[in-house]
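Shown next: query_22.tsv, given as TSV, C-alpha atoms.
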```
chain	number	residue	atom	x	y	z
A	13	MET	CA	76.03	88.00	102.62
A	14	SER	CA	74.21	85.20	100.78
A	15	GLU	CA	77.51	83.72	99.59
A	16	ARG	CA	78.72	83.48	103.16
A	17	ILE	CA	75.56	81.63	104.20
A	18	SER	CA	75.40	79.31	101.17
A	19	GLN	CA	79.05	78.26	101.33
A	20	PRO	CA	78.88	76.40	104.68
A	21	SER	CA	75.46	75.07	103.67
A	22	ARG	CA	77.02	72.93	100.97
A	23	ARG	CA	79.85	71.73	103.19
A	24	ILE	CA	77.74	70.68	106.16
A	25	PRO	CA	75.73	67.91	104.45
A	26	ARG	CA	78.84	66.51	102.76
A	27	SER	CA	80.78	66.50	106.03
A	28	ALA	CA	77.91	64.96	107.99
A	29	PHE	CA	77.33	62.32	105.33
A	30	SER	CA	81.05	61.46	105.14
A	31	PHE	CA	81.27	61.22	108.92
A	32	GLY	CA	78.13	59.07	108.96
A	33	ILE	CA	79.49	56.67	106.34
A	34	LEU	CA	82.77	56.43	108.25
A	35	LEU	CA	80.91	55.59	111.47
A	36	LEU	CA	78.71	53.07	109.65
A	37	LEU	CA	81.70	51.26	108.14
A	38	ALA	CA	83.61	51.23	111.44
A	39	GLY	CA	80.56	49.94	113.31
A	40	ILE	CA	79.84	47.25	110.74
A	41	MET	CA	83.45	46.08	110.85
A	42	LEU	CA	83.39	45.96	114.66
A	43	VAL	CA	80.11	44.01	114.73
A	44	TRP	CA	81.43	41.63	112.06
A	45	TRP	CA	84.68	41.08	113.99
A	46	ASP	CA	82.77	40.41	117.20
A	47	SER	CA	80.42	37.96	115.46
A	48	ARG	CA	83.43	35.90	114.35
A	49	GLN	CA	84.53	35.31	117.97
A	50	MET	CA	83.57	31.92	119.38
A	51	VAL	CA	81.58	31.64	122.58
A	52	THR	CA	82.66	28.89	124.97
A	53	LEU	CA	79.61	27.30	126.57
A	54	TYR	CA	81.29	24.40	128.38
A	55	THR	CA	84.87	24.00	129.61
A	56	GLY	CA	85.00	20.31	130.55
A	57	SER	CA	83.91	19.46	134.06
A	58	TYR	CA	81.89	16.78	135.79
A	59	VAL	CA	80.43	19.36	138.16
A	60	SER	CA	77.15	20.92	137.09
A	61	LEU	CA	77.30	24.61	136.41
A	62	ARG	CA	75.04	27.02	138.26
A	63	GLU	CA	72.12	28.48	136.39
A	64	ASP	CA	73.51	32.04	136.39
A	65	THR	CA	76.98	31.12	135.07
A	66	PHE	CA	76.16	31.90	131.47
A	67	TYR	CA	75.64	35.33	130.00
A	68	PHE	CA	74.37	35.44	126.44
A	69	GLY	CA	74.08	39.19	126.16
A	70	PRO	CA	76.09	41.29	123.75
A	71	SER	CA	79.76	41.92	124.34
A	72	LEU	CA	81.22	45.38	124.78
A	73	ALA	CA	82.54	45.30	121.20
A	74	MET	CA	79.07	44.44	119.90
A	75	ILE	CA	77.43	47.26	121.87
A	76	LEU	CA	80.06	49.76	120.70
A	77	GLY	CA	79.72	48.62	117.09
A	78	GLN	CA	75.94	48.90	117.17
A	79	LEU	CA	76.17	52.34	118.76
A	80	MET	CA	78.57	53.44	116.02
A	81	ILE	CA	76.11	52.15	113.40
A	82	GLY	CA	73.28	54.08	115.07
A	83	LEU	CA	75.29	57.29	115.22
A	84	GLY	CA	76.33	56.82	111.58
A	85	ILE	CA	72.68	56.49	110.60
A	86	ALA	CA	71.90	59.64	112.60
A	87	ALA	CA	74.73	61.57	110.92
A	88	CYS	CA	73.46	60.53	107.48
A	89	GLY	CA	69.99	61.66	108.62
A	90	VAL	CA	71.42	65.05	109.61
A	91	ALA	CA	72.91	65.38	106.14
A	92	ALA	CA	69.60	64.46	104.48
A	93	GLY	CA	67.56	66.73	106.74
A	94	PHE	CA	69.93	69.64	106.22
A	95	SER	CA	69.94	69.18	102.44
A	96	TYR	CA	66.16	69.02	102.11
A	97	SER	CA	65.24	71.57	104.79
A	98	ASN	CA	64.38	74.32	102.30
A	99	ARG	CA	61.98	72.29	100.13
A	100	ALA	CA	58.35	73.44	100.17
A	101	GLN	CA	56.93	70.02	101.07
A	102	ILE	CA	59.43	69.51	103.87
A	103	ARG	CA	58.86	72.98	105.36
A	104	GLN	CA	55.35	71.92	106.35
A	105	ILE	CA	56.65	69.09	108.55
A	106	SER	CA	57.51	70.07	112.10
A	107	PRO	CA	60.87	68.82	113.44
A	108	ALA	CA	59.12	68.25	116.78
A	109	LEU	CA	56.89	65.62	115.14
A	110	ILE	CA	59.92	63.82	113.71
A	111	ILE	CA	61.75	64.05	117.07
A	112	GLY	CA	58.71	62.57	118.83
A	113	LEU	CA	58.48	59.73	116.33
A	114	GLY	CA	62.23	59.11	116.57
A	115	MET	CA	62.12	59.01	120.37
A	116	LEU	CA	59.13	56.66	120.27
A	117	LEU	CA	61.01	54.32	117.93
A	118	LEU	CA	64.13	54.48	120.12
A	119	LEU	CA	62.09	53.58	123.21
A	120	LEU	CA	60.36	50.76	121.33
A	121	GLY	CA	63.71	49.37	120.18
A	122	VAL	CA	65.29	49.58	123.63
A	123	GLY	CA	62.19	47.98	125.15
A	124	LEU	CA	62.24	45.09	122.70
A	125	LEU	CA	65.95	44.48	123.24
A	126	TRP	CA	65.57	44.71	127.02
A	127	TRP	CA	62.61	42.31	126.97
A	128	ASP	CA	64.51	39.84	124.81
A	129	SER	CA	67.54	39.90	127.12
A	130	TYR	CA	65.41	38.53	129.98
A	131	GLN	CA	63.92	35.65	128.00
A	132	VAL	CA	65.09	32.13	128.78
A	133	LYS	CA	67.53	30.81	126.20
A	134	GLU	CA	68.22	27.11	126.31
A	135	PHE	CA	71.01	24.96	125.01
A	136	GLY	CA	72.55	21.71	126.10
A	137	TRP	CA	73.22	18.08	125.54
A	138	PHE	CA	72.28	14.81	127.19
A	139	ALA	CA	74.78	12.02	127.74
A	140	TYR	CA	76.02	9.67	130.43
A	141	ALA	CA	79.39	11.45	130.86
A	142	PRO	CA	79.30	14.97	129.41
A	143	LEU	CA	82.47	15.65	127.43
A	144	SER	CA	84.98	15.32	130.24
A	145	ASN	CA	87.86	17.34	128.77
A	146	ALA	CA	86.29	19.16	125.86
A	147	GLU	CA	84.75	22.49	125.09
A	148	LEU	CA	81.32	22.96	123.65
A	149	GLN	CA	81.15	26.00	121.41
A	150	GLY	CA	78.12	27.23	119.62
A	151	GLU	CA	75.94	30.05	118.43
A	152	LEU	CA	72.57	31.23	119.57
A	153	THR	CA	70.02	32.20	116.97
A	154	ALA	CA	68.17	35.48	117.17
A	155	SER	CA	64.44	35.68	117.69
A	156	ALA	CA	62.24	38.29	116.04
A	157	ALA	CA	62.33	40.67	119.03
A	158	PRO	CA	66.01	41.75	118.73
A	159	ILE	CA	65.70	42.02	114.95
A	160	PHE	CA	62.68	44.34	115.16
A	161	GLY	CA	64.29	46.12	118.13
A	162	LYS	CA	67.41	46.93	116.14
A	163	ILE	CA	65.35	48.06	113.14
A	164	ALA	CA	63.34	50.36	115.44
A	165	LEU	CA	66.56	51.72	116.95
A	166	GLY	CA	67.99	52.43	113.49
A	167	LEU	CA	64.81	54.20	112.37
A	168	GLY	CA	64.75	56.16	115.64
A	169	PHE	CA	68.34	57.31	115.14
A	170	LEU	CA	67.49	58.23	111.56
A	171	GLY	CA	64.43	60.20	112.66
A	172	LEU	CA	66.38	62.15	115.27
A	173	GLY	CA	69.14	62.88	112.76
A	174	VAL	CA	66.69	64.08	110.10
A	175	ALA	CA	64.90	66.29	112.63
A	176	GLY	CA	68.19	67.77	113.77
A	177	GLY	CA	69.27	68.37	110.18
A	178	LEU	CA	65.93	70.01	109.33
A	179	ALA	CA	66.12	72.35	112.30
A	180	TRP	CA	69.77	73.16	111.62
A	181	GLY	CA	69.16	73.75	107.92
A	182	ARG	CA	66.20	76.02	108.54
A	183	ARG	CA	68.18	78.12	111.02
A	184	ASP	CA	71.15	78.31	108.66
A	185	ARG	CA	69.04	79.38	105.69
A	186	THR	CA	67.21	82.08	107.60
A	187	GLY	CA	70.54	83.67	108.39
A	188	GLU	CA	70.53	83.05	112.15
A	189	ARG	CA	73.90	82.59	113.66
A	190	LEU	CA	74.78	78.95	114.39
A	191	ALA	CA	76.44	78.68	117.76
```

Could I get this structure in the form of C-alpha cells?
Amino acid sequence: MSERISQPSRRIPRSAFSFGILLLLAGIMLVWWDSRQMVTLYTGSYVSLREDTFYFGPSLAMILGQLMIGLGIAACGVAAGFSYSNRAQIRQISPALIIGLGMLLLLLGVGLLWWDSYQVKEFGWFAYAPLSNAELQGELTASAAPIFGKIALGLGFLGLGVAGGLAWGRRDRTGERLA
C-alpha cells in the first residue's frame, strides 16, 4: 500500500515543475517577442488626433505571456509545496494562511496595475509642421507601480501554488484518495 502512495508522490512534483518551467519559458518568449514589436504613435497627418486615440495598455500577446508566466510560477509552487508538505516545520503552517496571503498579493498586484493603467502618460513633439509624411515610433518607460504590481502578482501566484501543493501533498501522504 505504501509503495502505491509513494510512487505517484515522486512523479507529481517532477511533472508540476516540468510543466511550470515549460509555461515560464513559453511566457517569457511571448513577452520578449511582443516587446520587440514597434508601436506607431503618429502616422503623418496635419489634423490633430483626438485625446482618446492612443491606447498604451498591454497587447493581447503581452497579457497572455504574463498569464503564462504567472501560471508557470504557480505550477513550480505546487511542486515545491507538494515536495515539502511532509516536513515538520511546514506541517505547522496552515495552507489557508498561505492562500490568504497569496490572494492579498494578487489583489495588490491587480490594483497597482489597474491604477497605473489610468495614469496620464505623455509623449509628443513641438514643431511648426509636425512630420507631414512620417511615422513617430517610440517606447514608453515603466513607472514603479507596474513593476511592483507584477512582482506582487508573481508572489501571489507562487503563494497560491505552494498552498495548493501543501494541501495536495498532505492529502496524498495521509492516504486519502485524490479525485

**Message:** I'd like the neighbourhood of Ala86 in chain A as a ChimeraX atom specification, where a residue qualifies if any of its atoms comes within 10 Å (using all atoms listed in the file), though same-chain residues fewer than 3 positions away should be ignored.
**Reply:** /A:28-29,32,35-36,80-83,89-92,166-177

**Request:** Just the residues within 8 Å of Ala164 in chain A, please, counting only C-alpha atoms, with nothing from its chain fewer than 2 positions along; format it as a ChimeraX atom specification.
**Result:** /A:117-118,120-121,160-162,166-168

**Prompt:** Smallest atom-to-atom distance to Trp45 in chain A: which of A:Ser71, A:Ser30, A:Ser155, A:Ser97, using only C-alpha atoms?
**Reply:**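 Of A:Ser71, A:Ser30, A:Ser155, A:Ser97, the one nearest Trp45 in chain A is A:Ser71, counting only C-alpha atoms.
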
**Message:** Between A:Ser95, A:Met50, A:Val43, A:Ile102, which residue has the minimum interatomic distance to Leu76 in chain A, considering all atoms listed in the file?
**Reply:**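 That would be A:Val43, the residue with the smallest distance to Leu76 in chain A.
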
**Request:** Calculate how many Å separate CA of Met74 in chain A from CA of Asp128 in chain A, rounding to one decimal.
**Result:**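 Spanning CA of Met74 in chain A to CA of Asp128 in chain A is a straight-line distance of 16.0 Å.
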
**Prompt:** Can you tell me how far CA of Leu42 in chain A sits from CA of Ile24 in chain A, in Å to one decimal?
**Reply:** 26.7 Å

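Counting from CA of Leu119 in chain A, the distance to CA of Pro70 in chain A is 18.6 Å.
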
**Closest of A:Ala157, A:Ala73, A:Ala87, A:Leu165 to Met115 in chain A - atom-to-atom distances counting all atoms listed in the file** =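 Selected residue with least distance to Met115 in chain A: A:Leu165.
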
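Counting all atoms listed in the file and comparing A:Gly93, A:Pro25, A:Leu72, A:Gln78, the residue that lies closest to Gly39 in chain A is A:Gln78.
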
**Item:** All residues 10 Å or closer to Ser106 in chain A, all atoms listed in the file, same chain fewer than 5 positions away omitted, as a list in words
**Value:**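 My list of contacting residues is Ile111, Ala175, Leu178 and Ala179 of chain A.
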